[in-house]
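Q: Enclosed is the structure file run-v6.cif (mmCIF, C-alpha atoms and all ligand atoms).
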```cif
data_final
loop_
_atom_site.label_atom_id
_atom_site.label_comp_id
_atom_site.auth_asym_id
_atom_site.auth_seq_id
_atom_site.Cartn_x
_atom_site.Cartn_y
_atom_site.Cartn_z
CA MET A 1 21.49 85.78 74.28
CA ASP A 2 22.24 84.86 77.88
CA ARG A 3 19.40 85.12 80.35
CA ILE A 4 19.55 85.74 84.09
CA VAL A 5 16.71 85.72 86.58
CA ILE A 6 17.08 87.13 90.11
CA ASP A 7 14.55 86.54 92.85
CA GLY A 8 14.24 86.57 96.64
CA ALA A 9 15.85 90.01 97.18
CA THR A 10 14.34 93.22 98.50
CA LEU A 11 14.25 95.31 95.34
CA ILE A 12 14.85 99.07 95.32
CA PRO A 13 14.33 100.09 91.69
CA CYS A 14 15.18 103.80 92.32
CA ASP A 15 12.41 104.74 89.88
CA ASP A 16 10.04 107.71 90.17
CA ASP A 17 7.53 105.70 92.23
CA GLY A 18 10.10 105.34 95.02
CA GLN A 19 8.74 101.93 95.99
CA VAL A 20 10.53 99.07 97.71
CA LEU A 21 9.40 95.71 96.33
CA GLU A 22 9.45 92.34 98.09
CA ASN A 23 9.01 89.15 96.03
CA ALA A 24 9.88 90.84 92.74
CA VAL A 25 11.63 88.88 90.01
CA VAL A 26 14.08 90.64 87.71
CA GLY A 27 14.84 89.18 84.28
CA VAL A 28 17.89 90.05 82.17
CA GLU A 29 18.50 89.14 78.55
CA GLY A 30 21.73 90.16 76.84
CA ASP A 31 22.75 93.52 78.31
CA ARG A 32 19.23 94.74 79.19
CA ILE A 33 16.65 94.31 81.93
CA THR A 34 13.74 92.51 80.27
CA PHE A 35 11.19 92.47 83.08
CA VAL A 36 10.50 93.39 86.71
CA ARG A 37 7.45 91.49 87.96
CA ASP A 38 5.88 89.51 90.77
CA GLY A 39 5.67 85.79 90.53
CA GLU A 40 7.67 82.72 89.56
CA PRO A 41 11.41 82.97 88.95
CA HIS A 42 11.31 80.22 86.32
CA TRP A 43 12.36 81.46 82.88
CA GLU A 44 13.36 79.12 80.08
CA GLY A 45 17.14 78.74 79.87
CA ALA A 46 17.88 81.44 82.43
CA ARG A 47 20.66 81.36 85.03
CA HIS A 48 18.99 81.68 88.44
CA ILE A 49 20.52 83.95 91.09
CA ASP A 50 19.01 83.60 94.55
CA GLY A 51 18.86 87.02 96.20
CA SER A 52 17.52 85.83 99.57
CA GLY A 53 18.84 87.93 102.44
CA CYS A 54 19.98 90.63 99.98
CA ILE A 55 18.95 94.04 98.70
CA LEU A 56 18.98 94.50 94.91
CA ILE A 57 19.75 98.01 93.63
CA PRO A 58 20.87 99.60 90.36
CA GLY A 59 24.67 99.34 90.06
CA LEU A 60 26.38 102.09 92.07
CA ILE A 61 28.04 104.84 90.01
CA ASN A 62 31.29 106.46 91.09
CA ALA A 63 31.01 109.86 89.42
CA HIS A 64 34.53 111.14 90.14
CA THR A 65 37.77 109.24 90.54
CA HIS A 66 41.35 108.95 89.28
CA VAL A 67 41.90 105.20 88.98
CA ALA A 68 45.60 105.28 88.08
CA MET A 69 46.34 106.93 91.44
CA THR A 70 45.31 103.82 93.37
CA VAL A 71 48.98 102.83 93.81
CA MET A 72 49.46 106.04 95.83
CA ARG A 73 47.17 104.75 98.56
CA GLY A 74 48.84 105.43 101.90
CA SER A 75 51.72 107.40 100.33
CA ALA A 76 50.26 110.93 100.41
CA ASP A 77 48.41 111.55 103.63
CA ASP A 78 47.85 114.43 106.04
CA LEU A 79 48.91 117.26 103.70
CA SER A 80 47.20 120.40 102.43
CA LEU A 81 45.74 120.10 98.92
CA MET A 82 48.47 122.15 97.25
CA ASP A 83 51.35 120.35 99.08
CA TRP A 84 49.61 117.04 98.45
CA LEU A 85 49.47 117.80 94.71
CA SER A 86 52.88 119.39 94.16
CA ASP A 87 55.04 117.38 96.60
CA LYS A 88 53.44 113.96 96.26
CA VAL A 89 50.78 113.36 93.61
CA TRP A 90 52.28 115.10 90.57
CA PRO A 91 55.86 113.71 91.09
CA MET A 92 54.48 110.19 91.61
CA GLU A 93 52.22 110.53 88.56
CA MET A 94 55.19 111.63 86.45
CA ALA A 95 57.18 108.57 87.60
CA MET A 96 54.51 106.17 86.34
CA SER A 97 54.73 104.46 82.95
CA ASP A 98 51.70 103.59 80.81
CA GLU A 99 52.11 100.00 81.96
CA ASP A 100 52.08 101.13 85.62
CA ARG A 101 48.88 103.08 85.01
CA TYR A 102 47.25 100.06 83.46
CA TRP A 103 47.94 97.88 86.53
CA ALA A 104 46.98 100.62 88.98
CA SER A 105 43.71 101.18 87.11
CA LYS A 106 42.97 97.49 87.21
CA LEU A 107 43.44 97.43 90.99
CA ALA A 108 40.96 100.33 91.29
CA MET A 109 38.44 98.56 89.10
CA LEU A 110 38.63 95.34 91.12
CA GLU A 111 38.12 97.31 94.34
CA MET A 112 35.16 99.14 92.79
CA LEU A 113 33.55 95.94 91.53
CA LYS A 114 33.93 94.34 94.97
CA SER A 115 32.15 97.31 96.50
CA GLY A 116 29.19 97.21 94.11
CA ILE A 117 30.24 99.90 91.62
CA THR A 118 29.33 99.12 88.01
CA CYS A 119 30.22 102.40 86.31
CA PHE A 120 32.65 105.25 86.94
CA LEU A 121 33.86 108.57 85.60
CA ASP A 122 37.61 108.90 85.51
CA MET A 123 40.19 111.61 84.94
CA SER A 124 43.72 110.26 84.55
CA LEU A 125 47.05 110.93 82.87
CA GLY A 126 47.69 108.33 80.16
CA THR A 127 44.22 106.96 79.67
CA GLU A 128 44.76 104.18 77.12
CA GLY A 129 45.86 101.92 80.01
CA VAL A 130 42.68 102.86 81.88
CA ALA A 131 40.53 101.95 78.87
CA LYS A 132 42.40 98.65 78.41
CA ALA A 133 41.91 97.73 82.08
CA CYS A 134 38.24 98.62 81.74
CA LEU A 135 37.71 96.35 78.75
CA GLU A 136 39.43 93.51 80.61
CA THR A 137 37.52 93.91 83.88
CA GLY A 138 34.13 94.62 82.28
CA LEU A 139 33.18 97.83 84.11
CA ARG A 140 31.40 100.68 82.37
CA ALA A 141 33.26 104.01 82.25
CA ARG A 142 33.54 107.51 80.90
CA ILE A 143 37.22 108.37 80.87
CA CYS A 144 39.04 111.63 80.21
CA GLU A 145 42.67 112.61 79.91
CA ALA A 146 43.56 115.14 82.64
CA LEU A 147 44.61 118.27 80.74
CA LEU A 148 46.79 120.75 82.65
CA GLU A 149 48.32 123.49 80.56
CA THR A 150 51.45 123.61 82.74
CA GLN A 151 52.18 120.02 81.69
CA ASP A 152 51.28 120.72 78.07
CA PRO A 153 52.99 123.91 76.84
CA ASP A 154 53.00 122.82 73.18
CA ARG A 155 49.39 121.47 73.39
CA LYS A 156 50.50 118.06 72.18
CA ARG A 157 48.61 116.32 74.97
CA LEU A 158 45.48 118.31 74.20
CA ASP A 159 45.63 117.40 70.51
CA ALA A 160 46.27 113.73 71.38
CA ALA A 161 43.32 113.73 73.80
CA VAL A 162 41.01 115.14 71.14
CA GLU A 163 42.20 112.53 68.64
CA GLN A 164 41.73 109.76 71.19
CA LEU A 165 38.21 110.97 72.03
CA ALA A 166 37.26 111.08 68.35
CA SER A 167 38.51 107.54 67.76
CA TRP A 168 36.64 106.13 70.80
CA LYS A 169 33.48 107.94 69.74
CA ALA A 170 33.75 106.39 66.27
CA ARG A 171 34.21 102.99 67.92
CA ALA A 172 30.96 103.37 69.91
CA HIS A 173 31.98 100.75 72.47
CA PRO A 174 29.08 99.71 74.75
CA LEU A 175 31.18 100.05 77.94
CA VAL A 176 33.88 102.66 77.35
CA ASP A 177 33.48 106.24 76.17
CA PHE A 178 35.63 109.35 76.46
CA ASP A 179 35.06 112.92 77.65
CA LEU A 180 37.28 116.01 77.57
CA GLY A 181 38.94 116.77 80.91
CA PRO A 182 40.21 120.28 81.58
CA HIS A 183 41.69 119.52 85.04
CA ALA A 184 40.49 122.82 86.58
CA LEU A 185 40.13 126.50 85.80
CA TYR A 186 43.36 127.28 87.71
CA THR A 187 45.43 124.92 85.52
CA CYS A 188 44.12 126.15 82.13
CA THR A 189 44.24 129.62 80.48
CA ARG A 190 41.51 131.03 78.26
CA PRO A 191 43.23 130.22 74.90
CA TYR A 192 43.90 126.65 76.04
CA MET A 193 40.30 126.24 77.19
CA ASP A 194 38.99 127.85 73.98
CA ARG A 195 40.87 125.29 71.87
CA MET A 196 39.41 122.50 74.02
CA MET A 197 35.85 123.81 73.79
CA GLU A 198 36.13 124.17 70.03
CA ALA A 199 36.96 120.45 69.88
CA ALA A 200 34.23 119.65 72.42
CA ARG A 201 31.61 121.39 70.25
CA ASP A 202 32.88 119.65 67.09
CA LEU A 203 32.78 116.23 68.72
CA ASP A 204 29.68 116.80 70.85
CA ALA A 205 31.82 115.88 73.88
CA ARG A 206 30.99 115.90 77.57
CA ILE A 207 33.28 117.70 80.03
CA GLN A 208 34.73 116.55 83.37
CA ILE A 209 36.35 119.24 85.51
CA HIS A 210 37.25 120.09 89.14
CA VAL A 211 35.37 123.23 90.25
CA ALA A 212 35.60 125.46 93.35
CA GLU A 213 37.40 122.89 95.48
CA THR A 214 39.29 125.30 97.75
CA THR A 215 39.09 128.88 99.02
CA VAL A 216 42.54 129.46 97.47
CA GLU A 217 41.06 128.63 94.04
CA LEU A 218 38.10 130.93 94.67
CA ASP A 219 40.23 133.88 95.90
CA GLU A 220 42.72 133.53 93.06
CA CYS A 221 39.92 133.41 90.50
CA ARG A 222 38.28 136.52 91.92
CA ARG A 223 41.61 138.35 91.83
CA LYS A 224 42.42 137.26 88.27
CA TYR A 225 39.03 137.46 86.59
CA GLY A 226 36.79 139.39 89.02
CA MET A 227 34.34 136.50 88.97
CA THR A 228 33.75 133.14 90.64
CA PRO A 229 35.10 129.97 88.92
CA VAL A 230 31.53 129.03 87.93
CA GLU A 231 30.90 132.45 86.35
CA VAL A 232 34.18 132.21 84.42
CA LEU A 233 33.42 128.69 83.21
CA GLU A 234 30.02 129.82 81.99
CA GLU A 235 31.45 132.88 80.25
CA TRP A 236 34.11 130.75 78.54
CA GLY A 237 31.42 128.38 77.27
CA VAL A 238 32.65 125.35 79.22
CA LEU A 239 29.33 124.85 81.02
CA HIS A 240 27.44 125.04 77.72
CA GLN A 241 28.75 121.55 76.97
CA PRO A 242 27.19 118.80 79.14
CA THR A 243 29.40 119.00 82.23
CA THR A 244 30.13 116.91 85.30
CA ALA A 245 31.82 119.10 87.91
CA ALA A 246 33.67 117.58 90.87
CA HIS A 247 33.68 119.11 94.38
CA CYS A 248 31.72 122.39 93.86
CA ILE A 249 32.28 123.33 97.50
CA HIS A 250 32.71 127.10 97.45
CA LEU A 251 29.62 128.20 95.51
CA ASN A 252 27.22 131.09 96.00
CA GLU A 253 23.55 131.31 95.08
CA ARG A 254 24.28 132.68 91.59
CA ASP A 255 26.75 129.82 90.94
CA ARG A 256 24.04 127.31 91.84
CA GLU A 257 21.59 129.05 89.50
CA ILE A 258 24.14 128.85 86.67
CA PHE A 259 24.63 125.12 87.34
CA ALA A 260 20.87 124.54 87.27
CA LYS A 261 20.43 126.57 84.09
CA CYS A 262 23.30 124.77 82.32
CA GLY A 263 22.28 121.29 83.58
CA VAL A 264 25.64 120.66 85.28
CA THR A 265 25.88 117.56 87.48
CA ALA A 266 27.76 118.34 90.72
CA VAL A 267 29.77 115.48 92.22
CA HIS A 268 30.07 115.33 95.99
CA ASN A 269 33.30 113.71 97.25
CA PRO A 270 32.84 113.82 101.03
CA SER A 271 35.82 111.69 102.13
CA SER A 272 38.30 113.54 99.93
CA ASN A 273 36.90 116.91 100.96
CA MET A 274 37.24 116.02 104.63
CA LYS A 275 40.73 114.52 104.26
CA LEU A 276 42.12 117.49 102.31
CA ALA A 277 40.13 119.93 104.51
CA ALA A 278 38.64 121.44 101.35
CA GLY A 279 35.30 122.22 102.99
CA ILE A 280 31.73 120.94 102.89
CA MET A 281 29.74 120.88 99.66
CA GLY A 282 26.27 122.38 100.08
CA ALA A 283 24.51 119.33 98.67
CA GLU A 284 21.12 120.34 100.07
CA ALA A 285 21.42 123.87 98.66
CA LEU A 286 22.37 122.45 95.25
CA LEU A 287 19.37 120.10 95.27
CA ALA A 288 17.10 122.96 96.32
CA ALA A 289 18.40 125.00 93.37
CA GLY A 290 17.48 122.14 91.01
CA VAL A 291 21.02 120.82 90.46
CA THR A 292 21.59 117.06 90.16
CA VAL A 293 24.08 115.78 92.74
CA ALA A 294 26.13 112.61 92.22
CA LEU A 295 28.71 110.93 94.48
CA GLY A 296 32.38 110.28 93.91
CA THR A 297 35.24 108.71 95.82
CA ASP A 298 37.96 110.88 94.26
CA SER A 299 41.23 108.93 94.23
CA SER A 300 42.72 106.46 96.70
CA ALA A 301 45.34 109.11 97.47
CA SER A 302 42.68 111.29 99.11
CA ASN A 303 40.10 108.82 100.42
CA ASN A 304 41.72 106.07 100.72
CA ASN A 305 39.06 103.64 99.44
CA LEU A 306 36.81 103.43 96.42
CA SER A 307 33.46 102.63 98.00
CA ILE A 308 30.32 104.52 97.05
CA LEU A 309 28.45 102.87 99.92
CA GLY A 310 31.01 104.54 102.19
CA GLU A 311 30.52 107.88 100.44
CA MET A 312 26.72 107.63 100.85
CA ARG A 313 27.14 107.34 104.60
CA ARG A 314 29.73 110.10 104.84
CA ALA A 315 27.84 112.47 102.50
CA SER A 316 24.82 112.20 104.72
CA LEU A 317 26.68 112.53 108.03
CA LEU A 318 28.86 115.40 106.82
CA GLN A 319 25.87 117.39 105.55
CA LYS A 320 24.07 117.01 108.86
CA ALA A 321 27.16 118.12 110.79
CA GLY A 322 27.80 121.02 108.41
CA ASP A 323 24.21 122.27 108.33
CA GLY A 324 23.59 121.64 112.03
CA ASP A 325 20.45 119.88 110.85
CA ALA A 326 19.86 116.14 111.38
CA THR A 327 17.31 116.08 108.55
CA SER A 328 19.89 117.16 105.93
CA PHE A 329 20.76 114.84 103.04
CA GLY A 330 18.94 111.76 104.34
CA ALA A 331 19.37 108.14 103.29
CA GLY A 332 17.07 108.40 100.26
CA LYS A 333 18.95 111.39 98.85
CA ALA A 334 22.28 109.58 99.29
CA LEU A 335 20.99 106.53 97.38
CA PHE A 336 19.52 108.71 94.64
CA ALA A 337 22.88 110.50 94.23
CA ALA A 338 24.73 107.16 94.04
CA THR A 339 22.46 105.79 91.30
CA ARG A 340 20.38 108.31 89.35
CA GLY A 341 22.74 111.19 90.10
CA GLY A 342 25.56 109.05 88.72
CA ALA A 343 23.50 108.18 85.63
CA ALA A 344 23.11 111.92 84.97
CA ALA A 345 26.87 112.38 85.42
CA VAL A 346 27.48 109.86 82.62
CA GLY A 347 24.73 111.42 80.48
CA ARG A 348 22.69 108.21 80.39
CA SER A 349 19.69 108.84 82.65
CA ASP A 350 17.49 107.18 80.05
CA GLU A 351 19.14 103.78 80.47
CA LEU A 352 21.16 103.71 83.73
CA GLY A 353 20.53 104.34 87.43
CA GLN A 354 17.19 102.52 87.72
CA ILE A 355 15.96 98.94 87.62
CA ARG A 356 13.39 99.19 84.84
CA GLU A 357 12.40 97.22 81.81
CA GLY A 358 14.60 98.22 78.88
CA TYR A 359 17.33 99.73 81.07
CA LEU A 360 20.90 98.40 81.01
CA ALA A 361 21.40 95.38 83.26
CA ASP A 362 23.87 96.98 85.71
CA LEU A 363 22.84 95.50 89.04
CA THR A 364 24.25 95.19 92.56
CA LEU A 365 23.10 92.63 95.09
CA ILE A 366 24.13 93.37 98.68
CA ARG A 367 23.83 91.01 101.66
CA ALA A 368 21.73 92.57 104.40
CA ASP A 369 21.70 89.71 106.88
CA GLY A 370 24.91 90.40 108.80
CA LEU A 371 25.16 91.26 112.49
CA HIS A 372 25.86 94.91 111.61
CA SER A 373 22.70 95.14 109.46
CA TRP A 374 20.33 93.21 111.71
CA PRO A 375 17.39 93.33 112.24
CA PRO A 376 15.80 94.02 108.86
CA ALA A 377 14.37 97.54 108.77
CA ASP A 378 14.12 100.28 106.15
CA PRO A 379 16.48 98.91 103.44
CA ILE A 380 17.36 102.43 102.24
CA SER A 381 18.47 103.32 105.77
CA HIS A 382 20.57 100.13 105.92
CA LEU A 383 22.19 100.94 102.55
CA THR A 384 23.25 104.41 103.62
CA TYR A 385 24.02 103.94 107.29
CA ALA A 386 24.75 100.28 108.05
CA LEU A 387 25.95 98.28 105.04
CA ARG A 388 29.58 98.12 103.94
CA ALA A 389 31.52 97.42 100.77
CA ASP A 390 32.32 93.86 101.86
CA ASP A 391 28.59 93.07 102.09
CA VAL A 392 28.39 93.18 98.28
CA ASP A 393 27.44 89.74 96.99
CA THR A 394 26.90 89.91 93.23
CA VAL A 395 27.66 92.53 90.60
CA ILE A 396 26.32 92.45 87.05
CA VAL A 397 27.44 94.90 84.35
CA GLY A 398 25.62 94.88 81.02
CA GLY A 399 24.25 91.41 81.78
CA ARG A 400 27.70 89.95 82.67
CA VAL A 401 28.07 88.52 86.17
CA LEU A 402 31.50 89.87 87.21
CA LEU A 403 31.26 89.15 90.95
CA HIS A 404 29.25 86.37 92.55
CA ARG A 405 29.02 85.45 96.23
CA GLY A 406 31.78 87.99 96.81
CA GLU A 407 34.24 86.33 94.38
CA PHE A 408 35.42 87.54 90.97
CA THR A 409 34.10 85.25 88.27
CA GLU A 410 36.63 86.03 85.54
CA ILE A 411 39.54 87.98 87.03
CA ASP A 412 42.66 86.92 88.94
CA SER A 413 43.28 89.64 91.53
CA GLN A 414 46.57 88.15 92.82
CA GLU A 415 48.69 89.22 89.84
CA VAL A 416 47.18 92.72 89.95
CA MET A 417 48.03 93.07 93.64
CA ALA A 418 51.61 91.81 93.16
CA ARG A 419 52.27 94.25 90.29
CA CYS A 420 50.81 97.18 92.20
CA ARG A 421 53.00 96.49 95.23
CA GLU A 422 56.09 96.81 92.98
CA ILE A 423 54.81 100.00 91.32
CA ALA A 424 54.04 101.66 94.65
CA THR A 425 57.61 101.01 95.81
CA HIS A 426 59.31 102.49 92.76
CA ILE A 427 57.16 105.66 92.47
CA ARG A 428 57.18 106.63 96.16
CA VAL A 429 58.65 110.11 96.90
ZN ZN B 1 39.62 114.74 91.58
#
```
Would you put the structure from the file into structure tokens?
Ligand SMILES: [Zn+2]

A:
Amino acid sequence: MDRIVIDGATLIPCDDDGQVLENAVVGVEGDRITFVRDGEPHWEGARHIDGSGCILIPGLINAHTHVAMTVMRGSADDLSLMDWLSDKVWPMEMAMSDEDRYWASKLAMLEMLKSGITCFLDMSLGTEGVAKACLETGLRARICEALLETQDPDRKRLDAAVEQLASWKARAHPLVDFDLGPHALYTCTRPYMDRMMEAARDLDARIQIHVAETTVELDECRRKYGMTPVEVLEEWGVLHQPTTAAHCIHLNERDREIFAKCGVTAVHNPSSNMKLAAGIMGAEALLAAGVTVALGTDSSASNNNLSILGEMRRASLLQKAGDGDATSFGAGKALFAATRGGAAAVGRSDELGQIREGYLADLTLIRADGLHSWPPADPISHLTYALRADDVDTVIVGGRVLLHRGEFTEIDSQEVMARCREIATHIRV
């Protein structure tokens, strides 16, 4: 098995001790972290990576995105959520072939790798292309087919998604796994959701869903069901499956209690929420209620980048502005959400999100010796407030070095960019 040894970096393991370690050496063998110790970097037969001038953290996890929408970047801006969806996003999505989705997904994955992301949760239409791109680029992912009943009157897409999930589960691939993805409460009726939850229980599946993103959704739900979206989702049994819920902006105290009781991970998407004027997630209130918070970029059509470092900064700044409290959602909470929160969102807190012996070797090395991050100070502050996606130096996923000194080691990005330029032109509305 291949061995890697990394030394010279400031190490933030994100473990329960909350320590920052100087002079630590991290050893990787195969796809696991073998040791974290002080001392000599020499290890028989190991590839040496010099981390001098860098911060070493667990790979960043993007807990909510739609990778196939990356070709819509710059083509759907400055619109309300409903106009954005119905006039731009859905028509463009419908114009895309499976091949288009494959190339668009690949572009997203290259951008994520370059910005230090090692793992992501995705909801897309036509997900085989997403899985194929994932296997080729080497990122780790939980993928789900976006299921909207309006686009699936005969439930063929739902049945196909269940079949696809079962076959990927049987395959037990180390990098790629599938979830079930009811798009949102407002795009699925009770019978449709019941059928999905029956399959979810049979297959022991995780759920990805958009929840309480807008006041329109909240008001409509109250009118239709006399309850909040969270109360309905609990009553329908959705939240009884392990669930990762995106947005979760318009929640009340009872909703937060339900999330805590059901162990839901709430994904904060600050850029998308600001751009679509959806509102401000109460990340501090969720944490106080005992809910795990993760971070997501949402898609390039509502962000327009896929950088979790960027979301850490914006999550923190937005919470302070929203709460009128400069102590809200500080740097440490942002980093925790981007690593351990993300690990909870993928249901793998026991082997992802920390740099610990026996954990998966998903690691991100970020240069912290640029003008914009000088002088050296609290590295967690620098990560949240000063460092940028293009500071990322080296990215390792499952022991494979996919980016080194800012360059892809195995992938040609030029062909991906050329294909995506063509796709963007032919789908534009
Ligand atoms: Zn979304």

Q: Kindly assemble as a Markdown table a list of the segment 255-348 of chain A residues that lie within 10 Å of segment 139-162 of chain A, each paired with its nearest atom pair and their distance in Å to one decimal, using only C-alpha atoms, sorted first by chain and then by ascending residue number.

A:
```
| residue | atom | partner | partner_atom | distance |
| --- | --- | --- | --- | --- |
| A:Ala345 | CA | A:Arg142 | CA | 9.4 |
| A:Val346 | CA | A:Arg142 | CA | 6.7 |
| A:Gly347 | CA | A:Arg142 | CA | 9.6 |
```

Q: Show me, as a ChimeraX atom specification, the residues that have an atom within 6 Å of segment 357-361 of chain A when counting all atoms listed in the file, minus same-chain residues fewer than 3 positions from it.

A: /A:31-35,351-352,398-399

Q: Using all atoms listed in the file, which protein or nucleic acid residues come within 8 Å of segment 362-364 of chain A? Drop anything in the same chain fewer than 5 positions from it, and give the result as a PyMOL selection string.

A: chain A and resi 56-60+116-118+352+355+392-399

Q: Per residue of chain A within 12 Å of ligand ZN 1 (chain B), what are the shortest atom pair and its distance in Å to one decimal, counting all atoms listed in the file, with rows by chain and residue number, as JSON lines?

A:
```
{"residue": "A:Asn62", "atom": "CA", "partner": "B:ZN1", "partner_atom": "ZN", "distance": 11.8}
{"residue": "A:Ala63", "atom": "CA", "partner": "B:ZN1", "partner_atom": "ZN", "distance": 10.1}
{"residue": "A:His64", "atom": "CA", "partner": "B:ZN1", "partner_atom": "ZN", "distance": 6.4}
{"residue": "A:Thr65", "atom": "CA", "partner": "B:ZN1", "partner_atom": "ZN", "distance": 5.9}
{"residue": "A:His66", "atom": "CA", "partner": "B:ZN1", "partner_atom": "ZN", "distance": 6.5}
{"residue": "A:Val67", "atom": "CA", "partner": "B:ZN1", "partner_atom": "ZN", "distance": 10.1}
{"residue": "A:Ala68", "atom": "CA", "partner": "B:ZN1", "partner_atom": "ZN", "distance": 11.7}
{"residue": "A:Met69", "atom": "CA", "partner": "B:ZN1", "partner_atom": "ZN", "distance": 10.3}
{"residue": "A:Leu81", "atom": "CA", "partner": "B:ZN1", "partner_atom": "ZN", "distance": 11.0}
{"residue": "A:Leu85", "atom": "CA", "partner": "B:ZN1", "partner_atom": "ZN", "distance": 10.8}
{"residue": "A:Val89", "atom": "CA", "partner": "B:ZN1", "partner_atom": "ZN", "distance": 11.4}
{"residue": "A:Leu121", "atom": "CA", "partner": "B:ZN1", "partner_atom": "ZN", "distance": 10.3}
{"residue": "A:Asp122", "atom": "CA", "partner": "B:ZN1", "partner_atom": "ZN", "distance": 8.7}
{"residue": "A:Met123", "atom": "CA", "partner": "B:ZN1", "partner_atom": "ZN", "distance": 7.4}
{"residue": "A:Ser124", "atom": "CA", "partner": "B:ZN1", "partner_atom": "ZN", "distance": 9.3}
{"residue": "A:Cys144", "atom": "CA", "partner": "B:ZN1", "partner_atom": "ZN", "distance": 11.8}
{"residue": "A:Ala146", "atom": "CA", "partner": "B:ZN1", "partner_atom": "ZN", "distance": 9.8}
{"residue": "A:Gly181", "atom": "CA", "partner": "B:ZN1", "partner_atom": "ZN", "distance": 10.9}
{"residue": "A:Pro182", "atom": "CA", "partner": "B:ZN1", "partner_atom": "ZN", "distance": 11.4}
{"residue": "A:His183", "atom": "CA", "partner": "B:ZN1", "partner_atom": "ZN", "distance": 8.4}
{"residue": "A:Ala184", "atom": "CA", "partner": "B:ZN1", "partner_atom": "ZN", "distance": 9.5}
{"residue": "A:Gln208", "atom": "CA", "partner": "B:ZN1", "partner_atom": "ZN", "distance": 9.7}
{"residue": "A:Ile209", "atom": "CA", "partner": "B:ZN1", "partner_atom": "ZN", "distance": 8.2}
{"residue": "A:His210", "atom": "CA", "partner": "B:ZN1", "partner_atom": "ZN", "distance": 6.3}
{"residue": "A:Val211", "atom": "CA", "partner": "B:ZN1", "partner_atom": "ZN", "distance": 9.6}
{"residue": "A:Ala212", "atom": "CA", "partner": "B:ZN1", "partner_atom": "ZN", "distance": 11.6}
{"residue": "A:Glu213", "atom": "CA", "partner": "B:ZN1", "partner_atom": "ZN", "distance": 9.3}
{"residue": "A:Thr244", "atom": "CA", "partner": "B:ZN1", "partner_atom": "ZN", "distance": 11.6}
{"residue": "A:Ala245", "atom": "CA", "partner": "B:ZN1", "partner_atom": "ZN", "distance": 9.7}
{"residue": "A:Ala246", "atom": "CA", "partner": "B:ZN1", "partner_atom": "ZN", "distance": 6.6}
{"residue": "A:His247", "atom": "CA", "partner": "B:ZN1", "partner_atom": "ZN", "distance": 7.9}
{"residue": "A:Cys248", "atom": "CA", "partner": "B:ZN1", "partner_atom": "ZN", "distance": 11.2}
{"residue": "A:Val267", "atom": "CA", "partner": "B:ZN1", "partner_atom": "ZN", "distance": 9.9}
{"residue": "A:His268", "atom": "CA", "partner": "B:ZN1", "partner_atom": "ZN", "distance": 10.5}
{"residue": "A:Asn269", "atom": "CA", "partner": "B:ZN1", "partner_atom": "ZN", "distance": 8.6}
{"residue": "A:Pro270", "atom": "CA", "partner": "B:ZN1", "partner_atom": "ZN", "distance": 11.7}
{"residue": "A:Ser271", "atom": "CA", "partner": "B:ZN1", "partner_atom": "ZN", "distance": 11.6}
{"residue": "A:Ser272", "atom": "CA", "partner": "B:ZN1", "partner_atom": "ZN", "distance": 8.5}
{"residue": "A:Asn273", "atom": "CA", "partner": "B:ZN1", "partner_atom": "ZN", "distance": 10.0}
{"residue": "A:Leu276", "atom": "CA", "partner": "B:ZN1", "partner_atom": "ZN", "distance": 11.4}
{"residue": "A:Ala278", "atom": "CA", "partner": "B:ZN1", "partner_atom": "ZN", "distance": 11.9}
{"residue": "A:Leu295", "atom": "CA", "partner": "B:ZN1", "partner_atom": "ZN", "distance": 11.9}
{"residue": "A:Gly296", "atom": "CA", "partner": "B:ZN1", "partner_atom": "ZN", "distance": 8.8}
{"residue": "A:Thr297", "atom": "CA", "partner": "B:ZN1", "partner_atom": "ZN", "distance": 8.6}
{"residue": "A:Asp298", "atom": "CA", "partner": "B:ZN1", "partner_atom": "ZN", "distance": 5.0}
{"residue": "A:Ser299", "atom": "CA", "partner": "B:ZN1", "partner_atom": "ZN", "distance": 6.6}
{"residue": "A:Ser300", "atom": "CA", "partner": "B:ZN1", "partner_atom": "ZN", "distance": 10.2}
{"residue": "A:Ala301", "atom": "CA", "partner": "B:ZN1", "partner_atom": "ZN", "distance": 10.0}
{"residue": "A:Ser302", "atom": "CA", "partner": "B:ZN1", "partner_atom": "ZN", "distance": 8.8}
{"residue": "A:Asn303", "atom": "CA", "partner": "B:ZN1", "partner_atom": "ZN", "distance": 10.6}
```

Q: Pick out the residues sitting within 12 Å of Ala260 of chain A, and hand them over as number ranges by chain; count all atoms listed in the file, and ignore anything fewer than 4 positions along from it in its own chain.

A: A: 230, 234, 239-240, 242-243, 253-256, 264-266, 285-293

Q: Just the residues within 6 Å of Gly342 of chain A, please, counting all atoms listed in the file, with nothing from its chain fewer than 2 positions along; format it as a list in words.

A: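 The residues satisfying every condition are Ile61, Ala63, Ala294, Ala338, Thr339, Arg340, Ala344 and Ala345 of chain A.
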
Q: Quick one: distance from atom CA of Thr215 of chain A to atom CA of Leu185 of chain A in Å, one decimal?

A: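 Separating atom CA of Thr215 of chain A from atom CA of Leu185 of chain A is a distance of 13.5 Å.
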
Q: Hey, what's within 12 Å of Tyr225 of chain A if we count all atoms listed in the file and toss same-chain stuff fewer than 6 positions away? As a list in words, please?

A: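 What passes the distance filter is Leu185, Tyr186, Thr189, Arg190, Glu217, Leu218, Asp219, Glu231, Val232, Leu233, Glu235 and Trp236 of chain A.
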
Q: Tell me, in Å to one decimal, how far atom CA of Met92 of chain A is from atom CA of Thr425 of chain A.

A: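 Value for the atom CA of Met92 of chain A-atom CA of Thr425 of chain A distance: 10.6 Å.
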